[in-house]
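Student: If it helps, the file is called start-v5.txt and holds compact mmCIF, C-alpha atoms and all ligand atoms:
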```
# COMPACT_ATOMS: atom_id res chain seq x y z
CA MET A 207 -55.92 -109.85 16.77
CA SER A 208 -54.19 -107.74 14.15
CA PRO A 209 -50.47 -106.98 14.51
CA ASP A 210 -51.37 -103.43 15.60
CA ASP A 211 -53.71 -104.84 18.29
CA VAL A 212 -50.80 -106.83 19.72
CA VAL A 213 -48.61 -103.69 19.82
CA GLU A 214 -51.48 -101.86 21.53
CA GLU A 215 -51.78 -104.53 24.26
CA VAL A 216 -48.05 -104.38 24.92
CA LYS A 217 -48.30 -100.59 25.17
CA LYS A 218 -51.19 -100.87 27.62
CA SER A 219 -49.23 -103.37 29.73
CA GLY A 220 -46.64 -100.70 30.52
CA LEU A 221 -43.88 -103.32 30.03
CA ARG A 222 -40.44 -101.76 30.27
CA GLY A 223 -37.50 -103.42 28.54
CA ARG A 224 -35.80 -105.85 30.90
CA GLY A 225 -32.35 -105.54 29.30
CA GLY A 226 -31.25 -102.64 31.50
CA ALA A 227 -32.44 -99.27 30.23
CA GLY A 228 -36.13 -99.88 31.02
CA PHE A 229 -37.42 -98.29 27.80
CA PRO A 230 -41.16 -99.01 27.22
CA THR A 231 -41.39 -102.02 24.90
CA GLY A 232 -44.68 -101.07 23.21
CA MET A 233 -43.32 -97.63 22.36
CA LYS A 234 -40.14 -99.16 20.93
CA TRP A 235 -42.26 -101.43 18.73
CA SER A 236 -44.34 -98.54 17.47
CA PHE A 237 -41.16 -96.75 16.26
CA LEU A 238 -40.39 -99.59 13.85
CA ALA A 239 -40.21 -98.28 10.30
CA LYS A 240 -42.46 -100.16 7.85
CA PRO A 241 -41.31 -99.37 4.32
CA GLU A 242 -43.13 -101.37 1.64
CA GLY A 243 -41.40 -104.55 0.54
CA VAL A 244 -38.49 -104.31 2.99
CA PRO A 245 -38.10 -107.22 5.45
CA ARG A 246 -38.08 -106.42 9.17
CA HIS A 247 -36.43 -108.37 11.96
CA LEU A 248 -36.94 -109.12 15.62
CA ILE A 249 -33.74 -109.93 17.46
CA VAL A 250 -33.71 -111.33 20.96
CA ASN A 251 -30.74 -110.19 22.96
CA ALA A 252 -29.54 -113.19 24.95
CA ASP A 253 -25.98 -111.96 25.32
CA GLU A 254 -26.35 -111.54 29.10
CA SER A 255 -22.77 -110.59 29.92
CA GLU A 256 -23.35 -108.00 32.65
CA PRO A 257 -21.54 -109.22 35.78
CA GLY A 258 -24.12 -110.21 38.39
CA THR A 259 -26.89 -110.82 35.85
CA PHE A 260 -27.93 -114.41 35.15
CA LYS A 261 -31.73 -114.30 34.85
CA ASP A 262 -32.10 -114.77 31.07
CA ARG A 263 -30.08 -117.95 31.38
CA TYR A 264 -32.64 -119.27 33.87
CA LEU A 265 -35.55 -118.49 31.56
CA MET A 266 -33.92 -120.14 28.55
CA GLU A 267 -32.77 -123.18 30.51
CA HIS A 268 -36.07 -123.86 32.23
CA ILE A 269 -38.85 -122.49 30.02
CA PRO A 270 -37.46 -122.06 26.49
CA HIS A 271 -40.97 -122.50 25.02
CA LEU A 272 -42.10 -119.31 26.74
CA LEU A 273 -39.42 -117.39 24.87
CA ILE A 274 -40.22 -119.14 21.57
CA GLU A 275 -43.93 -118.32 21.99
CA GLY A 276 -43.06 -114.71 22.84
CA ILE A 277 -40.90 -114.47 19.71
CA ILE A 278 -43.70 -115.81 17.51
CA VAL A 279 -46.23 -113.31 18.94
CA ALA A 280 -43.77 -110.39 18.79
CA SER A 281 -42.69 -111.34 15.26
CA TYR A 282 -46.33 -111.32 14.20
CA ALA A 283 -46.81 -107.87 15.75
CA LEU A 284 -43.68 -106.50 14.08
CA GLY A 285 -44.00 -108.28 10.74
CA SER A 286 -40.74 -110.18 11.15
CA ASN A 287 -40.66 -113.41 9.14
CA THR A 288 -37.08 -114.19 10.15
CA SER A 289 -36.20 -113.63 13.78
CA PHE A 290 -33.00 -114.31 15.66
CA ILE A 291 -31.82 -115.16 19.15
CA TYR A 292 -28.33 -113.77 19.61
CA ILE A 293 -26.83 -115.69 22.52
CA ARG A 294 -23.53 -115.34 24.34
CA GLY A 295 -20.93 -117.90 23.33
CA GLU A 296 -20.50 -119.22 26.85
CA TYR A 297 -24.13 -120.40 26.96
CA ALA A 298 -23.30 -123.29 24.60
CA TRP A 299 -25.57 -125.81 26.32
CA ILE A 300 -28.50 -123.41 26.17
CA VAL A 301 -28.14 -123.25 22.39
CA ASP A 302 -29.00 -126.97 22.33
CA ILE A 303 -32.03 -126.39 24.58
CA LEU A 304 -33.26 -123.57 22.33
CA GLU A 305 -32.64 -125.49 19.11
CA GLN A 306 -34.66 -128.41 20.46
CA ALA A 307 -37.53 -126.15 21.55
CA ILE A 308 -37.52 -124.42 18.14
CA GLN A 309 -37.60 -127.79 16.37
CA GLU A 310 -40.53 -128.88 18.54
CA ALA A 311 -42.37 -125.68 17.62
CA ARG A 312 -41.65 -126.32 13.93
CA ASN A 313 -42.85 -129.93 14.20
CA ASN A 314 -46.10 -128.74 15.75
CA GLY A 315 -46.72 -126.12 13.09
CA PHE A 316 -46.08 -123.12 15.37
CA LEU A 317 -43.14 -122.02 13.21
CA GLY A 318 -42.59 -122.10 9.48
CA LYS A 319 -44.95 -121.23 6.64
CA ASN A 320 -48.56 -120.21 7.19
CA ILE A 321 -48.54 -120.79 10.96
CA LEU A 322 -51.88 -122.35 12.04
CA ASN A 323 -53.40 -121.17 8.74
CA SER A 324 -52.94 -117.56 9.75
CA GLY A 325 -51.10 -116.62 6.57
CA PHE A 326 -48.14 -115.59 8.74
CA ASP A 327 -44.68 -117.11 8.15
CA CYS A 328 -42.00 -117.05 10.81
CA ASP A 329 -38.80 -118.87 11.59
CA ILE A 330 -36.20 -118.41 14.33
CA HIS A 331 -32.43 -118.76 14.06
CA VAL A 332 -30.04 -119.00 16.99
CA GLN A 333 -26.74 -117.18 16.53
CA ARG A 334 -23.90 -117.72 19.01
CA GLY A 335 -21.60 -114.83 19.87
CA ALA A 336 -17.95 -115.36 20.73
CA GLY A 337 -18.24 -114.11 24.29
CA ALA A 338 -17.80 -110.33 24.30
CA TYR A 339 -19.74 -108.06 26.67
CA ILE A 340 -19.89 -105.29 24.08
CA CYS A 341 -21.90 -107.56 21.76
CA GLY A 342 -24.84 -107.12 24.15
CA GLU A 343 -25.03 -103.45 23.13
CA GLU A 344 -27.72 -103.52 20.46
CA THR A 345 -25.79 -102.03 17.55
CA ALA A 346 -22.63 -104.05 18.33
CA LEU A 347 -24.92 -107.08 18.40
CA LEU A 348 -26.17 -106.22 14.92
CA GLU A 349 -22.63 -105.91 13.59
CA SER A 350 -21.71 -109.26 15.15
CA LEU A 351 -24.87 -110.87 13.78
CA GLU A 352 -23.88 -109.68 10.32
CA GLY A 353 -20.55 -111.46 10.76
CA LYS A 354 -18.45 -108.40 11.53
CA ARG A 355 -16.44 -107.31 14.56
CA GLY A 356 -18.87 -106.24 17.30
CA ASN A 357 -18.20 -102.50 17.24
CA PRO A 358 -21.17 -100.31 18.25
CA ARG A 359 -22.62 -98.09 15.54
CA ILE A 360 -23.10 -94.36 15.83
CA LYS A 361 -26.81 -93.56 16.42
CA PRO A 362 -28.91 -92.26 14.70
CA PRO A 363 -29.93 -94.05 12.61
CA PHE A 364 -31.49 -96.28 15.25
CA PRO A 365 -32.11 -99.99 14.59
CA ALA A 366 -35.85 -99.30 14.23
CA VAL A 367 -34.98 -97.53 10.96
CA LYS A 368 -31.70 -99.17 9.92
CA GLY A 369 -30.84 -102.30 11.86
CA ALA A 370 -29.75 -105.78 10.81
CA TRP A 371 -28.60 -105.72 7.18
CA ASP A 372 -29.91 -102.12 7.11
CA ARG A 373 -33.48 -103.35 7.60
CA PRO A 374 -35.87 -102.04 10.29
CA THR A 375 -35.11 -104.05 13.42
CA VAL A 376 -36.27 -104.39 17.00
CA VAL A 377 -33.80 -105.68 19.59
CA ASN A 378 -35.38 -106.90 22.83
CA ASN A 379 -34.17 -108.70 25.90
CA VAL A 380 -35.09 -112.36 26.59
CA GLU A 381 -37.17 -111.45 29.64
CA SER A 382 -39.01 -108.67 27.76
CA ILE A 383 -40.04 -111.02 24.95
CA SER A 384 -41.01 -113.77 27.40
CA ALA A 385 -43.33 -111.26 29.13
CA VAL A 386 -45.29 -110.80 25.89
CA VAL A 387 -47.00 -114.16 26.44
CA PRO A 388 -48.67 -113.33 29.79
CA ILE A 389 -49.48 -109.86 28.44
CA ILE A 390 -51.47 -111.30 25.54
CA ASN A 391 -53.05 -114.02 27.71
CA LEU A 392 -54.12 -111.59 30.44
CA GLY A 393 -54.62 -108.49 28.30
CA GLY A 394 -52.45 -105.41 28.64
CA GLU A 395 -54.63 -103.69 31.24
CA GLU A 396 -54.73 -106.72 33.55
CA TYR A 397 -50.97 -107.16 33.25
CA ALA A 398 -50.47 -103.50 34.18
CA LYS A 399 -52.27 -104.16 37.48
CA ILE A 400 -49.37 -106.38 38.59
CA GLY A 401 -46.63 -104.33 40.20
CA VAL A 402 -46.79 -100.66 41.02
CA GLY A 403 -46.72 -97.31 39.16
CA LYS A 404 -44.64 -97.53 36.01
CA SER A 405 -43.04 -100.75 37.26
CA THR A 406 -45.67 -103.09 35.87
CA GLY A 407 -45.61 -106.85 35.66
CA THR A 408 -43.06 -109.09 37.29
CA LYS A 409 -39.28 -108.75 37.22
CA LEU A 410 -36.63 -111.41 37.47
CA ILE A 411 -33.86 -110.58 39.90
CA SER A 412 -30.61 -112.54 39.95
CA ALA A 413 -29.24 -112.23 43.47
CA CYS A 414 -25.66 -113.03 44.45
CA GLY A 415 -22.81 -111.98 46.74
CA ASN A 416 -23.02 -112.20 50.54
CA ILE A 417 -26.48 -113.65 50.90
CA ASN A 418 -27.70 -116.97 52.23
CA LYS A 419 -29.77 -117.89 49.20
CA PRO A 420 -28.30 -116.73 45.90
CA GLY A 421 -30.52 -117.41 42.90
CA VAL A 422 -33.09 -116.05 40.47
CA TYR A 423 -36.28 -114.65 42.00
CA GLU A 424 -39.44 -113.41 40.32
CA ILE A 425 -40.87 -110.40 42.15
CA ASP A 426 -43.87 -108.21 41.45
CA MET A 427 -41.97 -105.01 42.37
CA THR A 428 -44.10 -104.20 45.42
CA ILE A 429 -41.62 -105.50 48.00
CA SER A 430 -38.97 -103.48 49.81
CA VAL A 431 -35.24 -103.96 49.34
CA GLU A 432 -35.05 -104.88 53.03
CA GLU A 433 -37.59 -107.65 52.58
CA PHE A 434 -35.78 -108.89 49.50
CA ILE A 435 -32.45 -109.18 51.31
CA TYR A 436 -33.62 -110.45 54.69
CA SER A 437 -36.77 -112.51 54.20
CA ASP A 438 -36.56 -116.29 53.86
CA GLU A 439 -38.72 -116.11 50.76
CA TYR A 440 -35.90 -114.37 48.90
CA CYS A 441 -32.21 -113.92 49.81
CA GLY A 442 -32.52 -115.19 53.40
CA GLY A 443 -30.25 -112.58 54.99
CA ILE A 444 -26.48 -112.24 55.18
CA PRO A 445 -24.30 -115.23 56.14
CA ASN A 446 -22.91 -115.44 59.68
CA GLY A 447 -25.06 -112.57 60.88
CA LYS A 448 -22.72 -110.05 59.28
CA ARG A 449 -23.86 -106.51 58.65
CA LEU A 450 -24.90 -105.23 55.25
CA LYS A 451 -22.34 -102.82 53.83
CA ALA A 452 -23.52 -102.07 50.30
CA CYS A 453 -25.28 -103.41 47.24
CA ILE A 454 -25.19 -103.00 43.49
CA PRO A 455 -28.90 -103.42 42.77
CA GLY A 456 -29.04 -103.70 38.98
CA GLY A 457 -25.96 -105.34 37.52
CA SER A 458 -22.32 -104.23 37.63
CA SER A 459 -22.78 -101.04 35.61
CA VAL A 460 -25.23 -99.33 37.98
CA PRO A 461 -24.14 -97.23 40.96
CA ILE A 462 -23.38 -99.05 44.21
CA LEU A 463 -25.41 -97.92 47.22
CA PRO A 464 -24.27 -97.98 50.85
CA ALA A 465 -26.60 -99.83 53.25
CA ASN A 466 -28.28 -96.69 54.59
CA LEU A 467 -29.24 -95.44 51.11
CA LEU A 468 -30.15 -98.91 49.97
CA LEU A 469 -32.71 -99.69 52.63
CA LYS A 470 -34.10 -96.13 52.81
CA THR A 471 -34.12 -93.35 50.24
CA ALA A 472 -32.56 -89.98 51.05
CA LYS A 473 -36.10 -88.81 51.96
CA GLY A 474 -36.24 -91.52 54.64
CA GLU A 475 -38.78 -93.66 52.77
CA GLN A 476 -38.41 -97.40 52.41
CA ARG A 477 -36.49 -98.22 49.24
CA MET A 478 -38.62 -100.55 47.13
CA MET A 479 -37.60 -103.13 44.52
CA ASN A 480 -38.93 -101.20 41.53
CA TYR A 481 -37.70 -98.86 38.80
CA GLU A 482 -38.87 -95.61 40.43
CA SER A 483 -37.77 -96.30 43.99
CA LEU A 484 -34.34 -97.67 43.08
CA SER A 485 -33.63 -94.55 41.03
CA ASP A 486 -35.10 -92.14 43.59
CA GLY A 487 -32.59 -89.36 44.19
CA GLY A 488 -30.87 -89.79 40.82
CA PHE A 489 -27.30 -90.98 40.99
CA GLN A 490 -26.53 -88.71 43.97
CA THR A 491 -28.47 -90.89 46.40
CA GLY A 492 -30.05 -93.55 44.22
CA SER A 493 -29.20 -96.17 41.64
CA MET A 494 -31.07 -98.15 38.96
CA MET A 495 -33.07 -101.31 38.47
CA GLY A 496 -30.83 -102.00 35.44
CA SER A 497 -30.85 -105.63 34.41
CA GLY A 498 -31.79 -106.83 37.90
CA GLY A 499 -28.38 -108.21 38.88
CA PHE A 500 -28.45 -107.76 42.66
CA ILE A 501 -24.95 -107.99 44.23
CA VAL A 502 -24.76 -107.78 48.03
CA PHE A 503 -21.62 -106.87 50.02
CA ASP A 504 -21.21 -107.60 53.72
CA GLU A 505 -19.19 -105.53 56.19
CA ASP A 506 -15.91 -107.35 55.39
CA GLN A 507 -15.87 -106.41 51.73
CA CYS A 508 -13.38 -103.88 50.37
CA ILE A 509 -15.12 -101.45 48.05
CA VAL A 510 -11.84 -100.32 46.48
CA LYS A 511 -11.01 -103.90 45.56
CA HIS A 512 -14.43 -104.52 44.04
CA THR A 513 -14.30 -101.26 42.12
CA TYR A 514 -10.92 -102.34 40.80
CA THR A 515 -12.23 -105.69 39.55
CA LEU A 516 -15.11 -103.93 37.79
CA ALA A 517 -12.76 -101.39 36.22
CA ARG A 518 -10.60 -104.25 35.04
CA PHE A 519 -13.62 -105.88 33.43
CA TYR A 520 -14.68 -102.71 31.59
CA ARG A 521 -11.14 -102.03 30.37
CA HIS A 522 -10.99 -105.56 29.00
CA GLU A 523 -14.40 -105.29 27.31
CA SER A 524 -14.00 -101.82 25.75
CA CYS A 525 -14.07 -102.16 21.97
CA GLY A 526 -11.55 -99.32 21.76
CA GLN A 527 -13.36 -97.10 19.23
CA CYS A 528 -13.61 -93.99 21.43
CA SER A 529 -10.58 -92.49 23.17
CA PRO A 530 -12.34 -91.59 26.46
CA CYS A 531 -13.45 -95.20 26.91
CA ARG A 532 -10.35 -96.91 25.49
CA GLU A 533 -7.87 -94.77 27.43
CA GLY A 534 -10.03 -93.87 30.43
CA THR A 535 -10.94 -97.42 31.41
CA GLY A 536 -7.24 -98.35 31.38
CA TRP A 537 -6.27 -95.38 33.54
CA MET A 538 -9.06 -96.07 36.01
CA GLU A 539 -7.94 -99.67 36.34
CA LYS A 540 -4.33 -98.69 36.92
CA LEU A 541 -5.19 -96.02 39.48
CA LEU A 542 -7.49 -98.40 41.34
CA TRP A 543 -4.79 -101.06 41.33
CA ARG A 544 -2.37 -98.57 42.82
CA LEU A 545 -4.82 -97.44 45.50
CA GLU A 546 -5.95 -100.94 46.39
CA ASN A 547 -2.36 -102.03 46.89
CA GLY A 548 -1.37 -99.15 49.13
CA GLN A 549 0.73 -97.46 46.47
CA GLY A 550 -1.66 -94.60 45.77
CA LYS A 551 -1.69 -90.90 46.56
CA MET A 552 -4.57 -88.73 47.74
CA SER A 553 -4.48 -86.92 44.40
CA ASP A 554 -5.17 -90.28 42.68
CA ILE A 555 -8.69 -90.23 44.10
CA ASP A 556 -9.38 -86.84 42.49
CA LEU A 557 -7.75 -87.98 39.27
CA LEU A 558 -9.97 -91.06 39.26
CA TRP A 559 -13.00 -88.84 39.76
CA GLU A 560 -11.95 -86.57 36.93
CA ILE A 561 -11.31 -89.44 34.50
CA GLN A 562 -14.69 -91.06 35.10
CA SER A 563 -16.42 -87.70 34.62
CA LYS A 564 -14.65 -87.26 31.27
CA ILE A 565 -15.83 -90.66 30.03
CA GLU A 566 -19.51 -90.33 30.95
CA GLY A 567 -21.60 -89.01 28.07
CA ASN A 568 -18.64 -88.70 25.69
CA THR A 569 -18.67 -92.02 23.94
CA ILE A 570 -20.38 -93.77 21.04
CA CYS A 571 -22.13 -96.34 23.22
CA PRO A 572 -23.15 -96.63 26.88
CA LEU A 573 -20.28 -98.97 27.80
CA GLY A 574 -18.33 -95.83 28.64
CA ASP A 575 -21.05 -94.75 31.11
CA ALA A 576 -21.21 -98.30 32.46
CA ALA A 577 -17.49 -98.11 33.23
CA ALA A 578 -17.70 -94.62 34.76
CA TRP A 579 -20.75 -95.00 37.02
CA PRO A 580 -19.40 -97.69 39.37
CA VAL A 581 -16.23 -95.67 39.94
CA ALA A 582 -18.15 -92.42 40.53
CA ALA A 583 -20.55 -94.05 42.98
CA ALA A 584 -17.76 -95.83 44.89
CA ILE A 585 -15.89 -92.55 45.39
CA ARG A 586 -19.08 -90.64 46.17
CA HIS A 587 -20.20 -93.02 48.92
CA PHE A 588 -16.95 -94.62 50.11
CA ARG A 589 -14.34 -91.88 49.76
CA ASP A 590 -13.12 -92.55 53.30
CA GLU A 591 -12.26 -96.09 52.28
CA PHE A 592 -10.21 -94.84 49.32
CA GLU A 593 -8.44 -92.40 51.67
CA TRP A 594 -7.76 -95.24 54.13
CA HIS A 595 -5.84 -97.05 51.43
CA VAL A 596 -3.56 -94.01 51.18
CA THR A 597 -3.22 -93.20 54.89
CA HIS A 598 -2.80 -96.88 55.85
CA ALA A 599 -0.61 -97.85 52.93
CA GLU A 600 1.33 -100.54 54.76
CA GLU A 601 -1.81 -102.28 55.99
CA ALA A 602 -3.31 -102.10 52.50
CA GLN A 603 -0.15 -103.64 51.05
CA VAL A 604 -0.10 -106.69 53.31
CA ARG A 605 -3.77 -107.58 52.95
CA ASN A 606 -4.28 -110.50 50.62
CA PHE A 607 -7.49 -110.25 48.69
CA GLY A 608 -6.33 -112.74 46.10
CA LEU A 609 -5.66 -110.11 43.48
CA ALA A 610 -1.93 -110.81 43.19
CA HIS A 611 -2.35 -112.95 40.09
CA TYR A 612 -3.90 -110.01 38.26
CA ALA A 613 -0.67 -108.05 38.52
CA ASP A 614 1.23 -109.53 35.62
CA PRO A 615 -0.75 -108.66 32.50
CA ILE A 616 -1.43 -105.08 33.59
CA GLN A 617 1.61 -103.12 34.57
CA PRO A 618 0.80 -100.80 37.48
CA ILE A 619 1.57 -97.17 36.65
CA PRO A 620 4.81 -95.87 38.18
CA ALA A 621 4.52 -94.26 41.64
C1 LIG A 701 -22.27 -102.69 26.93
C2 LIG A 701 -23.70 -103.08 26.90
C3 LIG A 701 -24.06 -104.42 27.06
C4 LIG A 701 -25.40 -104.79 27.01
N1 LIG A 701 -25.72 -106.10 27.19
C5 LIG A 701 -27.02 -106.48 27.12
C6 LIG A 701 -27.39 -107.85 27.25
O1 LIG A 701 -26.55 -108.72 27.47
N2 LIG A 701 -28.71 -108.17 27.16
C7 LIG A 701 -29.67 -107.23 26.91
O2 LIG A 701 -30.84 -107.55 26.78
N3 LIG A 701 -29.35 -105.93 26.79
C8 LIG A 701 -28.06 -105.54 26.88
N4 LIG A 701 -27.74 -104.23 26.70
C9 LIG A 701 -28.83 -103.29 26.36
C10 LIG A 701 -29.13 -103.40 24.86
O3 LIG A 701 -28.29 -102.48 24.17
C11 LIG A 701 -30.58 -103.05 24.54
O4 LIG A 701 -30.90 -101.83 25.12
C12 LIG A 701 -31.56 -104.11 25.04
O5 LIG A 701 -31.24 -105.38 24.53
C13 LIG A 701 -32.95 -103.72 24.60
O6 LIG A 701 -33.88 -104.66 25.06
P1 LIG A 701 -35.10 -104.24 25.98
O7 LIG A 701 -35.69 -103.00 25.38
O8 LIG A 701 -36.01 -105.40 25.93
O9 LIG A 701 -34.52 -103.98 27.35
C14 LIG A 701 -26.41 -103.82 26.78
C15 LIG A 701 -26.04 -102.48 26.63
C16 LIG A 701 -24.70 -102.13 26.70
C17 LIG A 701 -24.35 -100.70 26.54
S1 LIG A 702 -17.83 -96.46 24.61
FE1 LIG A 702 -16.20 -97.99 24.67
S2 LIG A 702 -17.20 -99.86 24.05
FE2 LIG A 702 -18.58 -98.20 23.44
S3 LIG A 702 -18.00 -97.72 21.33
FE3 LIG A 702 -16.78 -96.41 22.62
S4 LIG A 702 -14.85 -97.55 22.95
FE4 LIG A 702 -16.37 -99.00 22.19
```
Could you quickly redo this structure as structure tokens?
Tutor:
Amino acid sequence: MSPDDVVEEVKKSGLRGRGGAGFPTGMKWSFLAKPEGVPRHLIVNADESEPGTFKDRYLMEHIPHLLIEGIIVASYALGSNTSFIYIRGEYAWIVDILEQAIQEARNNGFLGKNILNSGFDCDIHVQRGAGAYICGEETALLESLEGKRGNPRIKPPFPAVKGAWDRPTVVNNVESISAVVPIINLGGEEYAKIGVGKSTGTKLISACGNINKPGVYEIDMTISVEEFIYSDEYCGGIPNGKRLKACIPGGSSVPILPANLLLKTAKGEQRMMNYESLSDGGFQTGSMMGSGGFIVFDEDQCIVKHTYTLARFYRHESCGQCSPCREGTGWMEKLLWRLENGQGKMSDIDLLWEIQSKIEGNTICPLGDAAAWPVAAAIRHFRDEFEWHVTHAEEAQVRNFGLAHYADPIQPIPA
């Protein structure tokens, strides 16, 4: 197969990037600029810092050779002789697993010069990050890879034109690149028959929260959300027979859905575990497949508290380049702290709404959106719970959700 044939098979497979945005992988590859004499790079994004998402870790821990094989095939398709795996700092032990698998591939002649007499050279380097969520954003990743502070770049130019060291670059998720192997083995058309509609192939879901069987599941995107939560094959239901309250279906940055909109769409159809069904209704009544981090909340969970912890995370991880994100994430955290602890006012809920709406779409990178969406969805679907924290201030104050230790570093805003 020629490199273009490989790209064509990936296009036919309908594979959508598994890192969160779901952009078609084959199309992304075909955008790669190919100026004469300029090296190109493939970079595998193994930063995996989205709260609730731990599927790439599973792949790298258990079948590192699948990823290595995927990198070799993708590098051949893209003309990358030097490819990188950029991995989050906290996955230190996985670096050893990857290094060993890479060495084994080298020893067997699958990496290095003139691989299997094909005339193609390729090597893979593993680069450890220092543990910053923003370094998963592709342009921040490139900056970090180049040894600089991981600040996102303004786009355009996109990495396909000007990426690592200003060379044309493709950044793909671990799961996306691992999927290249079955695509080439089966053929793009066969692969596209797995799944449904534009949700082709299989998808790894990392499930956690109030479920009996947390873990990483491979699904073919034809099952319903209800089946995923309640069947013994997957999450095994909710502990102690508690009721389902809500779920974040695609990692912490995607909108939370209350149980009624999670199990059925606003049209009354069964909500399915695929890209189209999870986003049915837009953000008004739907959510996103995202990175597949599935976080379940039972009836005892406080949505205001969980929204606060997420806001705290995004404030901490903002790189600080854009004012709406730098300032807005801090204000959202403080307001949520105040509300959660029974010190809030009704007007704080509207202020929170306004701040999130000012962040969305007004920043250099999507971390701003990722910080705004959880807050917007929580207010949209659970406004009564926010209001309860104001009308039942004393009860809210005496509840102990174990957040007290968070109080010190962040000063609550004055009443
Ligand atoms: C703040 C932020 C963090 C991200 N973290 C990751 C990550 O850890 N892994 C990942 O694959 N993509 C992450 N992404 C998405 C990447 O920017 C990029 O879209 C993705 O790696 C492309 O791969 P794909 O096309 O195979 O999905 C993140 C995006 C943002 C905005
Ligand atoms: S949105 Fe936030 S994280 Fe992204 S560039 Fe702006 S300040 Fe940095």
Student: Which of these, A:Gly393, A:Gly457, A:Gly550, A:Gly325, has the shortest distance to ligand LIG 701 (chain A) once you count all atoms listed in the file?
Tutor: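 The shortest atom-to-atom distance to ligand LIG 701 (chain A) comes from A:Gly457.
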Student: Work out how far atom CA of Glu256 of chain A is from atom C14 of ligand LIG 701 (chain A), in Å to one decimal.
Tutor: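 Distance between the two atoms: 7.8 Å.
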Student: Collect all residues with atoms no farther than 9 Å from ligand LIG 702 (chain A), counting all atoms listed in the file, and output them as a ChimeraX atom specification.
Tutor: /A:339-340,343,346,357-360,520-521,523-533,535,565-566,568-577
Student: At a cut-off of 9 Å around ligand LIG 701 (chain A), and using all atoms listed in the file, what residues come up? Please write them as a ChimeraX atom specification.
Tutor: /A:222-231,234,249-256,259,262,293-294,339-347,358,376-383,459,497,520,523-524,571-576
Student: Expressed in Å to a single decimal, how great is the separation between atom CA of Lys419 of chain A and atom CA of Arg449 of chain A?
Tutor: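 So the answer is 15.9 Å.
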Student: Just how far from atom CA of Gly401 of chain A is atom CA of Tyr436 of chain A, in Å to one decimal?
Tutor: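 Value for the atom CA of Tyr436 of chain A-atom CA of Gly401 of chain A distance: 20.4 Å.
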Student: Excluding Pro363 of chain A and its own-chain neighbours fewer than 4 positions away, which residues fall within 12 Å of it when counting only C-alpha atoms? Please give them as a list of chain:residue names.
Tutor: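 Answer for this query is A:Leu238, A:Ala239, A:Thr345, A:Arg359, A:Val367, A:Lys368, A:Gly369, A:Ala370, A:Asp372, A:Arg373, A:Pro374, A:Thr375.
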Student: Which residues are near Ile585 of chain A? Cut-off 8 Å, only C-alpha atoms, ignore same chain within fewer than 4 positions. Put them as an NGL selection string.
Tutor: :A and (555 or 559 or 581 or 589 or 592)
Student: If we count only C-alpha atoms and set the cut-off at 6 Å, which residues sit around Met478 of chain A, ignoring sequence neighbours fewer than 3 positions away in its own chain? Please answer as a list in words.
Tutor: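 In the requested form, the answer reads Ile429, Ser430, Val431 and Ser483 of chain A.
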Student: For a cut-off of 10 Å around (-20.0, -115.3, 20.4), file coordinates, pick out all residues using all atoms listed in the file and list them as number ranges by chain.
Tutor: A: 253, 292-298, 333-339, 341, 347, 350-351, 356
Student: Smallest atom-to-atom distance to Leu304 of chain A: which of A:Gly536, A:Gly276, A:Gly548, A:Pro270, using all atoms listed in the file?
Tutor: A:Pro270
